[in-house]
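Written out below as structure tokens is the structure these notes cover.
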Amino acid sequence: MTKLPSPDTPQRLSDLIEPTTRRRFLANASVLSLAIPGVGAAIAACSPGAEKSTDSTTASQAPATAAQGAASPILHNPDSRLDTSLMKGGHPSSSAAGTTPATTTYHRFDPTLPPLGSGNLKLHWRTKQLPIRISDTEVVAAWTFEGDIPGPLVHCRVGDTVEFTLTNDVDIPHSMDFHAAQIDPKQAFRSVPKGESVTYTFKPKWAGAFMYHCGTSPVLMHIGSGMFGAIVVSPREPLPAAKEFVLVQSEYYLADAANGLRAFDYNKMLSTLPDYAMFNGRPNQYMKDPIKVKVGDRVRFWVVNAGPTHPCNFHVVGEQFDTVYLGSPPGSAIRGVQTWDVAPGGGMCFELLCDVPGEFPFVNHGFGHGQKGGIGILVVEG
Amino acid sequence: MTKLPSPDTPQRLSDLIEPTTRRRFLANASVLSLAIPGVGAAIAACSPGAEKSTDSTTASQAPATAAQGAASPILHNPDSRLDTSLMKGGHPSSSAAGTTPATTTYHRFDPTLPPLGSGNLKLHWRTKQLPIRISDTEVVAAWTFEGDIPGPLVHCRVGDTVEFTLTNDVDIPHSMDFHAAQIDPKQAFRSVPKGESVTYTFKPKWAGAFMYHCGTSPVLMHIGSGMFGAIVVSPREPLPAAKEFVLVQSEYYLADAANGLRAFDYNKMLSTLPDYAMFNGRPNQYMKDPIKVKVGDRVRFWVVNAGPTHPCNFHVVGEQFDTVYLGSPPGSAIRGVQTWDVAPGGGMCFELLCDVPGEFPFVNHGFGHGQKGGIGILVVEG
Amino acid sequence: MTKLPSPDTPQRLSDLIEPTTRRRFLANASVLSLAIPGVGAAIAACSPGAEKSTDSTTASQAPATAAQGAASPILHNPDSRLDTSLMKGGHPSSSAAGTTPATTTYHRFDPTLPPLGSGNLKLHWRTKQLPIRISDTEVVAAWTFEGDIPGPLVHCRVGDTVEFTLTNDVDIPHSMDFHAAQIDPKQAFRSVPKGESVTYTFKPKWAGAFMYHCGTSPVLMHIGSGMFGAIVVSPREPLPAAKEFVLVQSEYYLADAANGLRAFDYNKMLSTLPDYAMFNGRPNQYMKDPIKVKVGDRVRFWVVNAGPTHPCNFHVVGEQFDTVYLGSPPGSAIRGVQTWDVAPGGGMCFELLCDVPGEFPFVNHGFGHGQKGGIGILVVEG
């Protein structure tokens, strides 16, 4: 039987994490200890304005716009992963588009849907453990794909070929589960130990906003610690023109700060009372630095709920969705919706026509959790 | 940036509540202290059978049926707000239809959908803090629109004009967010301090059951303390004839009783374990005094889930919904449904054909919370 | 007013349980004490490999295949309840198909949808309290229909007649609420005291996966202790050929073990933090003993969420549902879905085309609870 995800997690949390011992795992989980090469230094550096500190390959910050078609300014998204097969030279990871490297400097996660590339995607990602600043006051000890929470945004079309490689650079085994793939997970989504890689290829069959995540057991811990993101699959027949954004809701369950760093807390994850629940990894990030469109724009939110536990009750204050695609666009649509809940592990597409100027907060309307960071502003400029 | 809703709520609960100090807010929140004019007296009076005690305008109990078309008896609903623009004389609030004034006498909240008026609606509501008796044994220190939980039921049609004014009579700033409105929330839904008013006009674009609520930060506290209700927007082409009812699910998170009164408890709201979860503000209220229809009637429940946190898993024991409109009626319909979850902040329309006589409990089938008051009886008389 | 379910549960848990006293109920609830005839012996026997111990009728293990049409091997399901009206002789319960008797030996719950019988169903079930082994290490003090959690799987078609009788063999009153029935619950779903029976007949109007459960107050306790199951109603016009399985998600809230037995804990149910959340009553049961199909098969999962509280965020790792029927099949379908949440008290039909061989875990992707046992493997053999 495959070990991902395992059935025995609550009872034997650490047994499943080869080759580290239980003691070592717990040490890792609680503070990402110095036992993990490179991360100790990163932790030591985790104060506002500290130098960037990465364990190995510091990816280029140059966006991959050269490899892209005619991208409008709003479509340039440094948090995206585009067709790296078109890029020449160097390490696939370091030549990739616009990675945010390990740093404790706060940065906004660009929610813009990256433009489509020339067709097929070739992605080579690495796991990274590093401190990530999620607000002025908080730095978390993150487990990541490519150094950020969420991982890079991926955009392709139904029927495109996605060739994906994951190289694991850290002590704890990791894996990659793309919800857009129909593939044997026992092989493709298998956990890889440090220094090894897994490669697989898939062709998305359905359009939609799909989650990806580390599926290594305990999945709750791996998702809860930051190893998730979104792949948006557009239909081959384009949807109506729109300004398109990607919002990945997730929850943070954090231990008390030690040396300025808050580790992820597995027991807290099991308690299901998060400290934060937010979009794209930073509480309230689009309050200070909103998403901006113009009157007359159609806005399309591709919403993925990474969970790990709570629904995303998505709502835009002062607006209504004229269309929510419950399944694969352009089908499975309902009309005239105030709020819809995206299940953890799910994704949906929400559209609204911005015919009124103003400042429209988008929220998780389940406020007991949603109020802990699940809000941003959509500015509609007149 | 707009302050409603604010991103910083969990950390700075009281900072956002101008102009009261943190100390004063907490005093208000915990017992609705004597600092609030009129409420002290109301609290003192809060025992079964006590005289009505209001802080200012005791609204007329006379329903506005004179201003309405041919309303059948079942459609006369004293908890509704109709076209007050048709009424003459006096203060708009006090001339409005059938407000339940501040009182600690228990009253049933009439779930009947109010009839449509002549076209457009002109509403002038006031915020009120007052004790509300929710059962034989419990009185809560409520924050309300117009003196009841939920606020008045509103009914209009797609394209009608709703002119709404909120006057804030209490120390804490409040606001009004109609989910049926497409409007700049920074202006329309802004918080107003004591003694001031806000007015705006909207034309609902979509049919459905829409929540309204105070959007002042912390929204969790304002919704959780009673400031919510429902506006039902009927399509211009009438739906099939039916007996129509409005059910607003919400949760109560209460501090221990002090002087016979239970205040709302913000920390308990964050714990997401409510004391009660019920329809129209009173646990189990339609058990003793059911909703009654006749064999052959089509029943249409407009269900709004005010939350603030949990889904409403709506189910009628012994019946099945032949139609649930997931989006705006008459579209977005699914058929043959036992239970459907309405997201917090959402609303839906549920229809069933009552071809069997009997007593049918309607429930929130998520019993861990739903059993705390989320039940009533639909009597189908043979 | 009907007493099922009652409105007063949290305040007066035991008052509603006639004729036992509060003390006796609590004793029953906490350890299923020796006061309940037969169960004491069963508890005493509850060790691995102990002899079967039932309180009365030990049902025959012989499946009812003789009464069925051409059932393929995969369709022979000993956990099903078929048309017992066709069977001759003996007590209806003991002549029924393949009951799992009281035993503390672990057995896999067969998820195969039982084949349709000749038309109408006549079911006579009994309540049973008994220890059930849910894993190598855990035995629970169960309240059941017919001795297992979930109860027997039922399969019929729209318009078939289901004649159902419940005989209560235990001290606590019980009842039966079929979500597939449109019938006066005050009569049909009434609680019956020990030694008495209730009989009613219904004709399902809609296709779908419907929950059944004991509706005796407190419903949370009765569902939470194991009294639930699934009835699948197929449309009269058959759906596309498929391998069909039934998965009933539920939650276990357990007290500490006493004498090797874990009783159900009502207060824990109210805390909404389950110890386990799983399919068909046993955490991770389909990991060791997967569900097997072949490449090219269409698989249809009829998923019922018995709750009592949390959604079932159903997902198949490495696959996508080409169709999810939100309402009654063949209507109300959406396409191209990664994850969909089935509400507690609800049911849905999920279809996927198994065109890739491999081992595909099916999970509740809300991992904070789902990881506590809500996983199995679908093996697609090449």
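If you're wondering about the labels, chains in the structure tokens are A, B, ... by order shown, residues count from 1 in each chain, ligands from 1 in order shown.
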* To do: Tell me, as number ranges by chain, which residues lie within 10 Å of range 198-201 of chain B, counting only C-alpha atoms; anything in the same chain fewer than 3 positions away does not count.
  => B: 121-124, 161-168, 175-176, 181-183, 187-193, 204
* For chain A, work out the contacting residues on chain C at 8 Å, counting only C-alpha atoms, and write them as a PyMOL selection string. => chain C and resi 273+283-284+287-288+313+315+317-320+333-341+356-361+365-369+371-376
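With CA of Ala242 in chain A on one side and CA of Arg236 in chain B on the other, the separation reads 29.2 Å.
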* Structure fact -> Separating CA of Val379 in chain A from CA of Met227 in chain B, to the nearest tenth of an Å, is a gap of 26.5 Å
Extract, using only C-alpha atoms, all DNA, RNA and protein residues at most 6 Å from Ala141 in chain A, discarding same-chain residues fewer than 2 positions from it, and format them as a compact mmCIF listing (two decimals) with all heavy atoms, in the first residue's frame.
# COMPACT_ATOMS: atom_id res chain seq x y z
N LEU A 130 12.36 27.47 5.51
CA LEU A 130 12.91 28.82 5.72
C LEU A 130 11.93 29.66 6.51
O LEU A 130 10.74 29.34 6.58
CB LEU A 130 13.23 29.48 4.39
CG LEU A 130 12.09 30.08 3.57
CD1 LEU A 130 12.66 30.83 2.37
CD2 LEU A 130 11.10 29.03 3.13
N PRO A 131 12.44 30.71 7.14
CA PRO A 131 11.53 31.64 7.81
C PRO A 131 10.86 32.54 6.79
O PRO A 131 11.50 33.00 5.85
CB PRO A 131 12.45 32.45 8.73
CG PRO A 131 13.83 32.24 8.23
CD PRO A 131 13.86 31.06 7.32
N ARG A 262 7.93 31.66 14.81
CA ARG A 262 6.83 30.80 15.25
C ARG A 262 6.80 29.54 14.39
O ARG A 262 6.63 29.60 13.17
CB ARG A 262 5.50 31.53 15.17
CG ARG A 262 5.47 32.77 16.07
CD ARG A 262 4.10 33.39 16.13
NE ARG A 262 3.19 32.56 16.96
CZ ARG A 262 1.94 32.91 17.25
NH1 ARG A 262 1.45 34.05 16.77
NH2 ARG A 262 1.18 32.14 17.98
N ALA A 263 6.98 28.42 15.04
CA ALA A 263 6.91 27.13 14.35
C ALA A 263 5.45 26.71 14.20
O ALA A 263 4.56 27.20 14.89
CB ALA A 263 7.68 26.08 15.15
* Asked: Got a sec to tell me which of range 92-300 of chain B DSSP assigns to alpha helix (DSSP H), as a list in words?
  ->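 Listing alpha helix (DSSP H) positions across range 92-300 of chain B yields Pro185, Lys186, Gln187, Ala188, Val219, Leu220, Met221, His222, Ile223, Gly224, Tyr266, Asn267, Lys268, Met269, Leu270, Ser271, Gln285, Tyr286, Met287 and Lys288 of chain B.
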Just-selected residues, N, CA and C atoms written as a compact mmCIF listing (two decimals), in the first residue's frame:
# COMPACT_ATOMS: atom_id res chain seq x y z
N PRO B 185 -18.96 49.92 -0.65
CA PRO B 185 -19.15 49.75 0.79
C PRO B 185 -18.38 50.77 1.62
N LYS B 186 -17.32 51.32 1.04
CA LYS B 186 -16.56 52.32 1.81
C LYS B 186 -17.46 53.49 2.17
N GLN B 187 -18.34 53.85 1.28
CA GLN B 187 -19.27 54.94 1.57
C GLN B 187 -20.55 54.43 2.22
N ALA B 188 -21.21 53.52 1.53
CA ALA B 188 -22.56 53.15 1.95
C ALA B 188 -22.56 52.38 3.27
N VAL B 219 -16.38 42.60 12.98
CA VAL B 219 -17.65 42.11 12.43
C VAL B 219 -18.16 40.90 13.22
N LEU B 220 -17.23 40.04 13.62
CA LEU B 220 -17.62 38.87 14.40
C LEU B 220 -18.44 39.27 15.62
N MET B 221 -18.01 40.34 16.29
CA MET B 221 -18.71 40.81 17.50
C MET B 221 -20.08 41.39 17.14
N HIS B 222 -20.13 42.14 16.07
CA HIS B 222 -21.38 42.82 15.73
C HIS B 222 -22.43 41.83 15.22
N ILE B 223 -22.00 40.91 14.37
CA ILE B 223 -22.95 39.88 13.95
C ILE B 223 -23.29 38.99 15.14
N GLY B 224 -22.28 38.62 15.88
CA GLY B 224 -22.48 37.71 16.99
C GLY B 224 -23.37 38.27 18.08
N TYR B 266 -17.08 37.68 23.27
CA TYR B 266 -16.27 37.69 22.05
C TYR B 266 -15.26 36.54 22.01
N ASN B 267 -14.67 36.26 23.13
CA ASN B 267 -13.70 35.16 23.14
C ASN B 267 -14.37 33.82 22.86
N LYS B 268 -15.59 33.69 23.34
CA LYS B 268 -16.35 32.47 23.05
C LYS B 268 -16.66 32.39 21.55
N MET B 269 -16.95 33.54 20.97
CA MET B 269 -17.18 33.55 19.51
C MET B 269 -15.94 33.02 18.78
N LEU B 270 -14.78 33.42 19.25
CA LEU B 270 -13.54 32.96 18.63
C LEU B 270 -13.29 31.48 18.89
N SER B 271 -13.86 30.97 19.97
CA SER B 271 -13.71 29.53 20.26
C SER B 271 -14.58 28.69 19.34
N GLN B 285 -37.86 27.93 19.00
CA GLN B 285 -39.10 28.70 19.16
C GLN B 285 -40.28 28.12 18.39
N TYR B 286 -40.01 27.44 17.28
CA TYR B 286 -41.14 26.92 16.49
C TYR B 286 -41.48 25.49 16.88
N MET B 287 -41.00 25.05 18.02
CA MET B 287 -41.47 23.79 18.57
C MET B 287 -42.81 24.01 19.29
N LYS B 288 -42.84 25.01 20.14
CA LYS B 288 -44.07 25.30 20.89
C LYS B 288 -45.12 25.94 20.00
* For range 147-154 of chain B, list every protein, DNA or RNA residue within 8 Å, evaluated using only C-alpha atoms, and leave out those in the same chain fewer than 2 positions away; present the list as JSON, numbers by chain. => {"B": [79, 80, 81, 82, 99, 100, 101, 102, 113, 114, 127, 128, 129, 130, 132, 142, 143, 144, 145, 156, 226, 227, 228, 229, 230, 231, 232, 246, 248, 280, 281]}
